[in-house]
>>> print(open('coords-v2.csv').read())   # CSV, C-alpha atoms and all ligand atoms
chain,number,residue,atom,x,y,z
B,1,MET,CA,22.0,12.7,14.7
B,2,GLY,CA,18.4,13.7,14.0
B,3,GLU,CA,18.9,17.5,14.2
B,4,GLN,CA,22.1,17.7,12.3
B,5,GLN,CA,22.5,18.2,8.6
B,6,SER,CA,22.8,14.7,7.0
B,7,ALA,CA,24.5,13.7,3.7
B,8,LEU,CA,22.0,10.9,3.3
B,9,PHE,CA,19.0,10.9,1.0
B,10,PRO,CA,16.0,11.2,3.3
B,11,THR,CA,14.4,7.8,2.5
B,12,TYR,CA,13.6,6.9,6.0
B,13,ALA,CA,11.7,8.7,8.9
B,14,ARG,CA,14.2,7.6,11.5
B,15,TYR,CA,13.5,7.1,15.1
B,16,PRO,CA,15.5,9.4,17.4
B,17,ILE,CA,17.7,6.5,18.5
B,18,THR,CA,21.2,5.5,17.5
B,19,ILE,CA,21.8,1.8,18.2
B,20,VAL,CA,25.5,0.9,18.6
B,21,LYS,CA,25.6,-2.6,20.1
B,22,GLY,CA,23.5,-5.7,20.2
B,23,GLU,CA,23.5,-9.1,21.9
B,24,GLY,CA,20.7,-11.7,21.9
B,25,SER,CA,17.5,-9.8,22.4
B,26,ARG,CA,19.2,-6.7,23.8
B,27,LEU,CA,20.3,-3.5,22.1
B,28,TRP,CA,22.2,-0.5,23.4
B,29,ASP,CA,22.1,3.1,22.1
B,30,ASP,CA,24.9,5.6,22.1
B,31,ASN,CA,23.9,6.8,25.5
B,32,GLY,CA,24.2,3.4,27.0
B,33,LYS,CA,20.4,2.9,27.3
B,34,GLU,CA,19.4,-0.7,27.0
B,35,TYR,CA,16.4,-1.9,24.9
B,36,LEU,CA,14.6,-5.2,24.5
B,37,ASP,CA,14.4,-5.8,20.8
B,38,PHE,CA,10.9,-6.9,19.6
B,39,MET,CA,11.4,-5.8,15.9
B,40,SER,CA,14.6,-7.7,15.1
B,41,GLY,CA,15.8,-5.3,12.3
B,42,LEU,CA,12.4,-6.0,10.7
B,43,ALA,CA,12.3,-9.8,11.0
B,44,VAL,CA,16.0,-10.1,10.1
B,45,THR,CA,17.9,-11.0,13.3
B,46,SER,CA,15.7,-14.0,14.1
B,47,LEU,CA,18.5,-15.7,16.0
B,48,GLY,CA,19.1,-12.6,18.0
B,49,HIS,CA,22.0,-10.1,17.7
B,50,ALA,CA,25.5,-11.5,17.0
B,51,PRO,CA,24.5,-15.1,17.4
B,52,LYS,CA,27.5,-17.1,18.3
B,53,ALA,CA,27.0,-20.2,16.1
B,54,ILE,CA,26.6,-18.0,13.0
B,55,LYS,CA,29.5,-15.7,13.9
B,56,GLU,CA,31.9,-18.7,14.2
B,57,LYS,CA,31.0,-19.9,10.7
B,58,LEU,CA,31.2,-16.4,9.3
B,59,ILE,CA,34.7,-15.9,10.8
B,60,GLU,CA,35.8,-19.3,9.6
B,61,GLN,CA,34.7,-18.4,6.1
B,62,LEU,CA,36.2,-14.9,6.3
B,63,ASP,CA,39.6,-16.6,6.9
B,64,GLN,CA,39.1,-18.8,3.8
B,65,LEU,CA,37.5,-16.8,1.0
B,66,TRP,CA,35.2,-13.8,0.8
B,67,HIS,CA,34.1,-13.5,-2.8
B,68,VAL,CA,34.5,-15.3,-6.0
B,69,SER,CA,32.6,-14.8,-9.2
B,70,ASN,CA,29.5,-17.0,-10.0
B,71,LEU,CA,31.5,-18.0,-13.1
B,72,PHE,CA,33.1,-20.6,-10.6
B,73,HIS,CA,31.5,-23.4,-8.7
B,74,ILE,CA,30.8,-22.2,-5.1
B,75,PRO,CA,30.4,-25.2,-2.8
B,76,ASN,CA,28.6,-23.2,-0.1
B,77,GLN,CA,25.9,-22.3,-2.6
B,78,GLU,CA,25.4,-25.9,-3.6
B,79,LYS,CA,25.1,-26.8,0.1
B,80,LEU,CA,22.7,-24.1,0.9
B,81,ALA,CA,20.5,-24.9,-2.1
B,82,ALA,CA,20.5,-28.6,-1.0
B,83,LEU,CA,19.5,-27.6,2.5
B,84,LEU,CA,16.7,-25.3,1.5
B,85,THR,CA,15.2,-27.7,-1.1
B,86,ALA,CA,15.5,-30.6,1.3
B,87,ASN,CA,13.4,-28.6,3.8
B,88,SER,CA,10.8,-27.3,1.4
B,89,CYS,CA,8.6,-28.5,-1.5
B,90,LEU,CA,11.0,-26.7,-4.0
B,91,ASP,CA,13.8,-28.2,-6.0
B,92,ARG,CA,16.1,-25.4,-7.3
B,93,ALA,CA,17.6,-22.2,-5.8
B,94,PHE,CA,18.8,-18.9,-7.2
B,95,PHE,CA,20.7,-16.6,-4.7
B,96,CYS,CA,20.8,-12.8,-4.6
B,97,SER,CA,21.3,-10.3,-1.8
B,98,THR,CA,17.9,-8.8,-1.0
B,99,GLY,CA,14.2,-9.5,-0.9
B,100,ALA,CA,13.3,-7.3,-3.9
B,101,GLU,CA,15.9,-9.1,-6.0
B,102,ALA,CA,14.4,-12.4,-5.0
B,103,ASN,CA,11.0,-11.2,-6.2
B,104,GLU,CA,12.5,-9.8,-9.4
B,105,ALA,CA,13.9,-13.3,-10.0
B,106,ALA,CA,10.5,-14.8,-9.4
B,107,ILE,CA,8.8,-12.4,-11.8
B,108,LYS,CA,11.4,-13.0,-14.4
B,109,ILE,CA,11.3,-16.8,-14.2
B,110,ALA,CA,7.5,-16.8,-14.3
B,111,ARG,CA,7.5,-14.8,-17.5
B,112,ARG,CA,10.3,-16.7,-19.1
B,113,TYR,CA,8.9,-20.1,-18.2
B,114,ASN,CA,5.7,-19.1,-20.0
B,115,GLN,CA,7.4,-17.5,-23.0
B,116,LYS,CA,10.4,-19.8,-23.5
B,117,VAL,CA,9.4,-23.2,-22.1
B,118,LEU,CA,5.7,-23.3,-22.7
B,119,GLY,CA,5.9,-21.0,-25.8
B,120,ARG,CA,2.8,-19.0,-24.8
B,121,ASP,CA,2.3,-15.3,-24.8
B,122,ARG,CA,1.6,-14.7,-21.1
B,123,HIS,CA,3.2,-12.3,-18.7
B,124,GLU,CA,0.7,-10.8,-16.3
B,125,ILE,CA,0.9,-11.5,-12.6
B,126,ILE,CA,-2.0,-11.0,-10.2
B,127,THR,CA,-0.9,-9.5,-6.8
B,128,PHE,CA,-3.1,-8.2,-3.9
B,129,HIS,CA,-4.2,-5.0,-2.3
B,130,GLN,CA,-2.0,-4.0,0.7
B,131,SER,CA,0.8,-6.4,-0.4
B,132,PHE,CA,4.4,-5.5,-0.2
B,133,HIS,CA,7.0,-7.0,-2.6
B,134,GLY,CA,9.9,-4.6,-2.6
B,135,ARG,CA,11.3,-1.3,-3.9
B,136,THR,CA,12.8,-2.0,-7.4
B,137,LEU,CA,10.6,-0.8,-10.3
B,138,ALA,CA,9.1,-4.2,-10.9
B,139,THR,CA,8.6,-5.1,-7.3
B,140,LEU,CA,7.1,-1.8,-6.3
B,141,THR,CA,4.7,-2.2,-9.2
B,142,ALA,CA,3.9,-5.7,-7.9
B,143,THR,CA,3.2,-4.1,-4.5
B,144,GLY,CA,-0.5,-3.4,-4.0
B,145,GLN,CA,-0.1,0.0,-2.3
B,146,ASP,CA,-0.2,3.3,-4.3
B,147,LYS,CA,2.1,5.3,-1.9
B,148,VAL,CA,5.2,3.4,-2.9
B,149,LYS,CA,4.6,4.2,-6.6
B,150,GLU,CA,4.1,8.0,-6.4
B,151,GLY,CA,6.4,9.9,-8.7
B,152,PHE,CA,8.0,6.8,-10.3
B,153,LEU,CA,6.0,6.6,-13.5
B,154,PRO,CA,6.1,5.0,-16.0
B,155,LEU,CA,5.9,1.6,-14.2
B,156,PRO,CA,6.6,-1.7,-15.9
B,157,GLN,CA,3.5,-3.4,-17.2
B,158,GLY,CA,2.0,-6.7,-16.4
B,159,PHE,CA,0.6,-6.5,-12.9
B,160,VAL,CA,-3.1,-6.8,-11.9
B,161,TYR,CA,-4.3,-6.2,-8.3
B,162,ALA,CA,-7.1,-8.2,-6.6
B,163,PRO,CA,-8.6,-7.8,-3.1
B,164,TYR,CA,-6.8,-10.0,-0.5
B,165,ASN,CA,-8.9,-12.6,1.2
B,166,VAL,CA,-11.8,-12.1,-1.1
B,167,ILE,CA,-12.8,-15.3,-3.0
B,168,GLU,CA,-15.8,-13.8,-4.8
B,169,GLY,CA,-14.7,-12.4,-8.1
B,170,LEU,CA,-11.1,-13.5,-7.9
B,171,GLU,CA,-11.4,-15.6,-11.0
B,172,SER,CA,-12.5,-12.5,-13.0
B,173,TYR,CA,-9.0,-11.0,-12.6
B,174,ILE,CA,-7.5,-13.9,-14.7
B,175,GLY,CA,-7.1,-13.2,-18.4
B,176,ASP,CA,-5.4,-14.8,-21.3
B,177,LYS,CA,-2.2,-13.0,-20.5
B,178,THR,CA,-2.1,-14.2,-16.8
B,179,CYS,CA,1.0,-16.3,-15.9
B,180,ALA,CA,1.1,-16.3,-12.1
B,181,ILE,CA,-0.5,-15.3,-8.8
B,182,MET,CA,1.8,-13.9,-6.2
B,183,LEU,CA,1.0,-13.4,-2.6
B,184,GLU,CA,2.1,-13.3,1.0
B,185,MET,CA,0.7,-15.9,3.4
B,186,ILE,CA,0.7,-13.0,6.0
B,187,GLN,CA,0.7,-9.5,4.7
B,188,ALA,CA,3.3,-8.1,7.0
B,189,GLU,CA,3.9,-4.5,5.9
B,190,GLY,CA,0.2,-4.4,5.0
B,191,GLY,CA,-0.9,-4.7,8.7
B,192,VAL,CA,-0.2,-8.3,9.7
B,193,ILE,CA,-3.2,-9.8,7.9
B,194,THR,CA,-3.2,-13.6,7.6
B,195,ALA,CA,-4.5,-15.3,4.5
B,196,ASP,CA,-7.8,-17.2,5.1
B,197,PRO,CA,-7.3,-21.0,4.4
B,198,ALA,CA,-10.4,-20.9,2.1
B,199,PHE,CA,-9.0,-18.0,0.1
B,200,VAL,CA,-5.6,-19.8,-0.3
B,201,GLN,CA,-7.5,-22.9,-1.5
B,202,GLU,CA,-9.3,-20.8,-4.1
B,203,VAL,CA,-6.0,-19.3,-5.3
B,204,VAL,CA,-4.5,-22.9,-5.6
B,205,ARG,CA,-7.7,-24.1,-7.4
B,206,LEU,CA,-7.5,-21.2,-9.9
B,207,CYS,CA,-3.7,-21.8,-10.5
B,208,GLN,CA,-4.5,-25.4,-11.4
B,209,LYS,CA,-7.5,-24.5,-13.5
B,210,TYR,CA,-5.7,-21.9,-15.6
B,211,ASP,CA,-2.2,-23.4,-15.4
B,212,LEU,CA,-0.8,-20.4,-13.5
B,213,LEU,CA,2.4,-20.4,-11.3
B,214,LEU,CA,1.8,-19.8,-7.6
B,215,ILE,CA,4.5,-17.5,-6.1
B,216,VAL,CA,4.6,-17.1,-2.4
B,217,ASP,CA,6.6,-14.2,-1.0
B,218,GLU,CA,8.1,-15.6,2.2
B,219,ILE,CA,10.6,-12.8,2.7
B,220,GLN,CA,9.2,-11.8,6.1
B,221,THR,CA,7.2,-14.9,7.0
B,222,GLY,CA,10.0,-17.5,6.2
B,223,MET,CA,12.7,-19.1,8.3
B,224,GLY,CA,10.5,-20.3,11.1
B,225,ARG,CA,8.9,-17.1,12.3
B,226,THR,CA,5.3,-18.1,11.9
B,227,GLY,CA,5.7,-21.5,13.6
B,228,LYS,CA,6.7,-23.4,10.4
B,229,LEU,CA,9.9,-23.1,8.5
B,230,PHE,CA,7.8,-21.5,5.7
B,231,ALA,CA,4.3,-20.0,6.2
B,232,TYR,CA,2.9,-21.9,3.1
B,233,GLU,CA,3.2,-25.1,5.2
B,234,HIS,CA,0.3,-24.0,7.4
B,235,TYR,CA,-2.0,-24.4,4.4
B,236,GLY,CA,-0.9,-27.8,3.1
B,237,ILE,CA,-0.1,-26.3,-0.3
B,238,GLU,CA,2.9,-26.5,-2.7
B,239,PRO,CA,3.8,-23.2,-4.3
B,240,ASP,CA,5.8,-23.3,-7.6
B,241,ILE,CA,8.1,-20.5,-6.3
B,242,ILE,CA,8.9,-19.0,-2.9
B,243,THR,CA,11.1,-16.0,-2.2
B,244,LEU,CA,13.3,-15.5,0.9
B,245,ALA,CA,15.6,-12.8,2.3
B,246,LYS,CA,15.4,-11.0,5.7
B,247,ALA,CA,16.2,-13.8,8.3
B,248,LEU,CA,18.0,-16.1,5.8
B,249,GLY,CA,21.4,-14.8,6.8
B,250,SER,CA,20.8,-13.7,10.4
B,251,GLY,CA,21.6,-10.2,9.4
B,252,PHE,CA,24.1,-10.9,6.6
B,253,PRO,CA,22.5,-9.8,3.3
B,254,ILE,CA,21.2,-12.8,1.3
B,255,GLY,CA,18.1,-13.5,-0.7
B,256,ALA,CA,16.8,-16.6,-2.5
B,257,MET,CA,14.3,-17.6,-5.1
B,258,LEU,CA,13.3,-21.3,-4.8
B,259,GLY,CA,11.4,-23.0,-7.6
B,260,LYS,CA,10.0,-26.3,-8.7
B,261,GLU,CA,12.1,-28.5,-11.0
B,262,LYS,CA,9.9,-27.8,-14.1
B,263,LEU,CA,11.1,-24.1,-13.9
B,264,ALA,CA,14.8,-25.0,-14.3
B,265,GLU,CA,14.9,-24.9,-18.1
B,266,ALA,CA,13.4,-21.4,-18.1
B,267,PHE,CA,16.8,-20.0,-17.1
B,268,SER,CA,20.0,-20.7,-19.0
B,269,ALA,CA,23.5,-19.3,-18.8
B,270,GLY,CA,23.2,-15.5,-19.0
B,271,SER,CA,19.4,-15.2,-18.6
B,272,HIS,CA,19.8,-14.0,-15.0
B,273,GLY,CA,22.5,-13.3,-12.5
B,274,SER,CA,23.9,-11.2,-9.7
B,275,THR,CA,27.5,-10.3,-8.8
B,276,PHE,CA,26.9,-10.7,-5.1
B,277,GLY,CA,24.4,-13.5,-5.3
B,278,GLY,CA,25.4,-16.3,-3.0
B,279,THR,CA,28.9,-15.3,-2.2
B,280,PRO,CA,31.0,-17.7,0.0
B,281,ILE,CA,30.4,-15.5,3.1
B,282,ALA,CA,26.7,-14.8,2.5
B,283,THR,CA,26.0,-18.5,2.0
B,284,ALA,CA,28.1,-19.5,5.0
B,285,THR,CA,25.9,-17.4,7.3
B,286,ALA,CA,22.7,-18.8,5.6
B,287,ILE,CA,23.9,-22.4,6.0
B,288,ALA,CA,24.6,-21.9,9.7
B,289,THR,CA,21.2,-20.1,10.0
B,290,VAL,CA,19.2,-22.8,8.3
B,291,GLU,CA,21.1,-25.6,10.2
B,292,THR,CA,20.4,-23.8,13.5
B,293,ILE,CA,16.7,-23.2,12.8
B,294,VAL,CA,16.0,-26.7,11.6
B,295,GLY,CA,18.4,-28.5,14.0
B,296,GLU,CA,17.1,-26.7,17.1
B,297,LYS,CA,13.5,-26.9,15.9
B,298,LEU,CA,13.1,-23.2,16.2
B,299,SER,CA,9.9,-23.1,14.2
B,300,GLU,CA,8.2,-25.2,16.8
B,301,ARG,CA,9.7,-22.9,19.5
B,302,ALA,CA,8.3,-19.9,17.6
B,303,ALA,CA,4.9,-21.5,17.6
B,304,GLU,CA,5.0,-22.1,21.3
B,305,LYS,CA,6.4,-18.7,22.3
B,306,GLY,CA,3.9,-17.1,19.8
B,307,GLU,CA,1.0,-18.7,21.6
B,308,TYR,CA,2.4,-17.5,24.9
B,309,LEU,CA,2.8,-14.0,23.6
B,310,PHE,CA,-0.7,-14.0,22.1
B,311,ALA,CA,-2.2,-15.2,25.4
B,312,LYS,CA,-0.3,-12.7,27.5
B,313,LEU,CA,-1.2,-9.8,25.2
B,314,THR,CA,-4.9,-10.8,25.1
B,315,GLU,CA,-5.0,-10.9,28.9
B,316,ALA,CA,-3.1,-7.7,29.4
B,317,LEU,CA,-5.1,-5.7,26.8
B,318,LYS,CA,-8.5,-7.0,27.7
B,319,GLY,CA,-11.0,-4.1,28.1
B,320,ASN,CA,-8.6,-1.6,26.5
B,321,ASP,CA,-10.9,0.2,24.1
B,322,PHE,CA,-8.0,1.6,22.0
B,323,VAL,CA,-7.1,-2.0,21.0
B,324,LYS,CA,-9.3,-3.5,18.3
B,325,GLU,CA,-7.6,-6.8,17.5
B,326,ILE,CA,-4.5,-8.9,18.2
B,327,ARG,CA,-3.6,-11.0,15.2
B,328,GLY,CA,-0.8,-12.9,13.5
B,329,LYS,CA,0.9,-16.3,13.7
B,330,GLY,CA,3.8,-17.5,15.7
B,331,LEU,CA,6.2,-14.6,16.4
B,332,ILE,CA,4.7,-12.1,13.9
B,333,VAL,CA,2.0,-10.3,15.9
B,334,GLY,CA,0.0,-7.2,15.1
B,335,ILE,CA,-2.0,-5.1,17.5
B,336,LEU,CA,-4.7,-3.3,15.5
B,337,CYS,CA,-5.6,0.0,17.3
B,338,ALA,CA,-8.4,2.4,16.9
B,339,GLY,CA,-6.2,5.2,15.6
B,340,PRO,CA,-2.6,6.1,14.6
B,341,VAL,CA,0.0,4.4,16.7
B,342,ALA,CA,3.1,6.6,16.0
B,343,GLU,CA,3.0,8.3,19.4
B,344,GLN,CA,2.5,5.0,21.3
B,345,ILE,CA,5.4,3.4,19.5
B,346,ALA,CA,7.6,6.4,20.4
B,347,ASP,CA,6.4,6.0,24.0
B,348,ILE,CA,7.1,2.2,24.0
B,349,HIS,CA,10.6,3.0,22.7
B,350,ARG,CA,11.2,5.5,25.5
B,351,ASN,CA,10.2,2.7,27.8
B,352,GLY,CA,13.1,0.5,26.5
B,353,LEU,CA,11.2,-1.8,24.1
B,354,LEU,CA,11.7,-1.7,20.4
B,355,VAL,CA,8.6,-2.4,18.2
B,356,VAL,CA,7.6,-1.2,14.8
B,357,SER,CA,4.3,-0.3,13.0
B,358,ALA,CA,2.7,-2.1,10.1
B,359,GLY,CA,0.6,0.6,8.4
B,360,PRO,CA,-0.7,3.6,10.5
B,361,ASP,CA,-2.7,1.8,13.1
B,362,VAL,CA,-1.0,-1.6,13.8
B,363,ILE,CA,1.8,-2.1,16.3
B,364,ARG,CA,3.9,-5.0,15.0
B,365,LEU,CA,5.9,-7.4,17.2
B,366,LEU,CA,8.8,-9.4,15.7
B,367,PRO,CA,10.9,-10.8,18.6
B,368,ASN,CA,13.7,-13.2,17.7
B,369,LEU,CA,12.9,-16.9,17.7
B,370,LEU,CA,14.9,-17.5,20.9
B,371,VAL,CA,12.9,-14.9,22.9
B,372,SER,CA,12.3,-16.1,26.5
B,373,GLU,CA,9.0,-16.0,28.4
B,374,ASP,CA,10.5,-13.5,30.8
B,375,GLU,CA,11.3,-11.2,27.9
B,376,ILE,CA,7.7,-11.6,26.6
B,377,ASP,CA,6.3,-10.8,30.0
B,378,ARG,CA,8.4,-7.6,30.1
B,379,ALA,CA,7.4,-6.6,26.6
B,380,VAL,CA,3.7,-7.2,27.3
B,381,GLU,CA,3.9,-5.2,30.5
B,382,THR,CA,5.5,-2.2,28.7
B,383,ILE,CA,3.0,-2.3,25.8
B,384,SER,CA,-0.1,-2.6,28.1
B,385,ARG,CA,1.1,0.2,30.3
B,386,VAL,CA,1.6,2.6,27.3
B,387,LEU,CA,-1.7,1.5,25.7
B,388,ALA,CA,-3.6,1.8,29.0
B,389,ALA,CA,-2.5,5.5,29.2
B,390,LYS,CA,-3.8,6.0,25.7
B,391,ALA,CA,-7.2,4.3,26.4
B,392,GLN,CA,-7.6,6.6,29.4
B,393,THR,CA,-7.0,9.7,27.4
B,394,ALA,CA,-9.1,8.5,24.5
B,395,VAL,CA,-12.4,8.6,26.5
E,401,LIG,C1,11.0,-6.7,3.2
E,401,LIG,C2,10.2,-7.4,2.2
E,401,LIG,C3,10.5,-7.3,0.8
E,401,LIG,C4,11.6,-6.5,0.3
E,401,LIG,O1,12.9,-7.0,0.8
E,401,LIG,P1,14.2,-6.0,0.6
E,401,LIG,O2,15.3,-6.9,1.2
E,401,LIG,O3,13.9,-4.8,1.4
E,401,LIG,O4,14.3,-5.8,-0.8
E,401,LIG,C5,9.6,-8.0,0.0
E,401,LIG,N1,8.6,-8.7,0.4
E,401,LIG,C6,8.2,-8.7,1.7
E,401,LIG,C7,7.0,-9.5,2.1
E,401,LIG,C8,9.0,-8.1,2.7
E,401,LIG,O5,8.7,-8.1,4.0
>>> encode(input="coords-v2.csv", output="structure tokens")
Amino acid sequence: MGEQQSALFPTYARYPITIVKGEGSRLWDDNGKEYLDFMSGLAVTSLGHAPKAIKEKLIEQLDQLWHVSNLFHIPNQEKLAALLTANSCLDRAFFCSTGAEANEAAIKIARRYNQKVLGRDRHEIITFHQSFHGRTLATLTATGQDKVKEGFLPLPQGFVYAPYNVIEGLESYIGDKTCAIMLEMIQAEGGVITADPAFVQEVVRLCQKYDLLLIVDEIQTGMGRTGKLFAYEHYGIEPDIITLAKALGSGFPIGAMLGKEKLAEAFSAGSHGSTFGGTPIATATAIATVETIVGEKLSERAAEKGEYLFAKLTEALKGNDFVKEIRGKGLIVGILCAGPVAEQIADIHRNGLLVVSAGPDVIRLLPNLLVSEDEIDRAVETISRVLAAKAQTAV
């Protein structure tokens, strides 16, 4: 497809691969070449491709009812909200279709809670350098990376950017208009950078001191990937709001904004909504996904296999001077390299393993949560072979 004239807007630099079929950890392209998938559609297909249990529930629901307006009660939505709140520190859910929309809902409810419930004139949200929160105008503004903002001026107001993992001076970003602090527990697109526990404690302390809402973007880190159902659990904290999407529907588009009970009165009929938010089919896939992840303790499995992957990578890449650091948590792993990794990623793809970058110099691994040790061994072998060739040519 790459060489031909395309009728699509050129919003992606696409790999020269056309995937036509997937099953479990495996994908096939249009030439019949098989790949081991260590990117999972960017942390989406966390139960593998075409997972049977989810497919059965989806087909069942497809036979019953696809879509009904949110002007009616939707039992699947109630059930999914009950499941997500029972397994988190949050009490209420709003459903949408994408991550950016989930963050939009979080931004809107943070403002409205301050302005309508607390009756105070606050709207500013502090976010962090290298963060990623989405592509809508508000969420790209929330994103702490200039490249996503180029050419889109004017941007909405009300976002302030602080350095990530820097405690000193963080308090100085808080003003009399600040209403919330929003962050990722692991900056995924930003290079797989994990929040330091001491930094997170300081964020929580400041939220308490200044009565700010704590919003955690769990769109990439959620649903078991880091070794807990939600990454905030690693820190023993209770955010006021979390946002979900990516793996929530195992590949079916669904997003969610979960919040504490006190936020419920910030929204009323008509203050927010979405035609496709939480349709019967979207919520059927998400219910089956959450039940599978929780029921089969896949978060714990992700922690175990993550440790195995980390140990194998550390061993295989030891002494490779192109590799600077291996980092991450559970099954989100970044290999920080001494230079750009685009060529190495293309080489890894040619060798039948699909991985993705996170920034220019990090190779990101996002296998599904059911990945086997044999698959990890094969992936590590491919990566170390390609990076060994690079280390030899670098000196
Ligand atoms: C992918 C992602 C988003 C945006 O989600 P979309 O579904 O692409 O809108 C927001 N935040 C984080 C952390 C993400 O990884």
>>> atom_distance(input="coords-v2.csv", atom1="CA of Val160 (chain B)", atom2="atom C3 of ligand LIG 401 (chain E)")
18.6 Å
>>> residues_near_ligand(input="coords-v2.csv", ligand="ligand LIG 401 (chain E)", cutoff="7 Å", atoms="only C-alpha atoms and all ligand atoms", output="ChimeraX atom specification")
/B:98-101,132-135,184,187-189,217-220,245-246
>>> closest_residue(input="coords-v2.csv", among="B:Thr141, B:Ser88, B:Asn165, B:Gln115", to="Thr178 (chain B)", atoms="all atoms listed in the file")
B:Gln115
>>> residues_around(input="coords-v2.csv", residues="Leu244 (chain B)", least_positions_apart="5", cutoff="12 Å", atoms="only C-alpha atoms", output="count of residues only")
43
>>> atom_distance(input="coords-v2.csv", atom1="CA of Val192 (chain B)", atom2="CA of Ile293 (chain B)")
22.7 Å
>>> closest_residue(input="coords-v2.csv", among="B:Asp91, B:Asp121, B:Asp321, B:Asp37", to="Leu365 (chain B)", atoms="all atoms listed in the file")
B:Asp37
>>> closest_residue(input="coords-v2.csv", among="B:Leu36, B:Ala110, B:Ala379, B:Ala180", to="Ile19 (chain B)", atoms="all atoms listed in the file")
B:Leu36
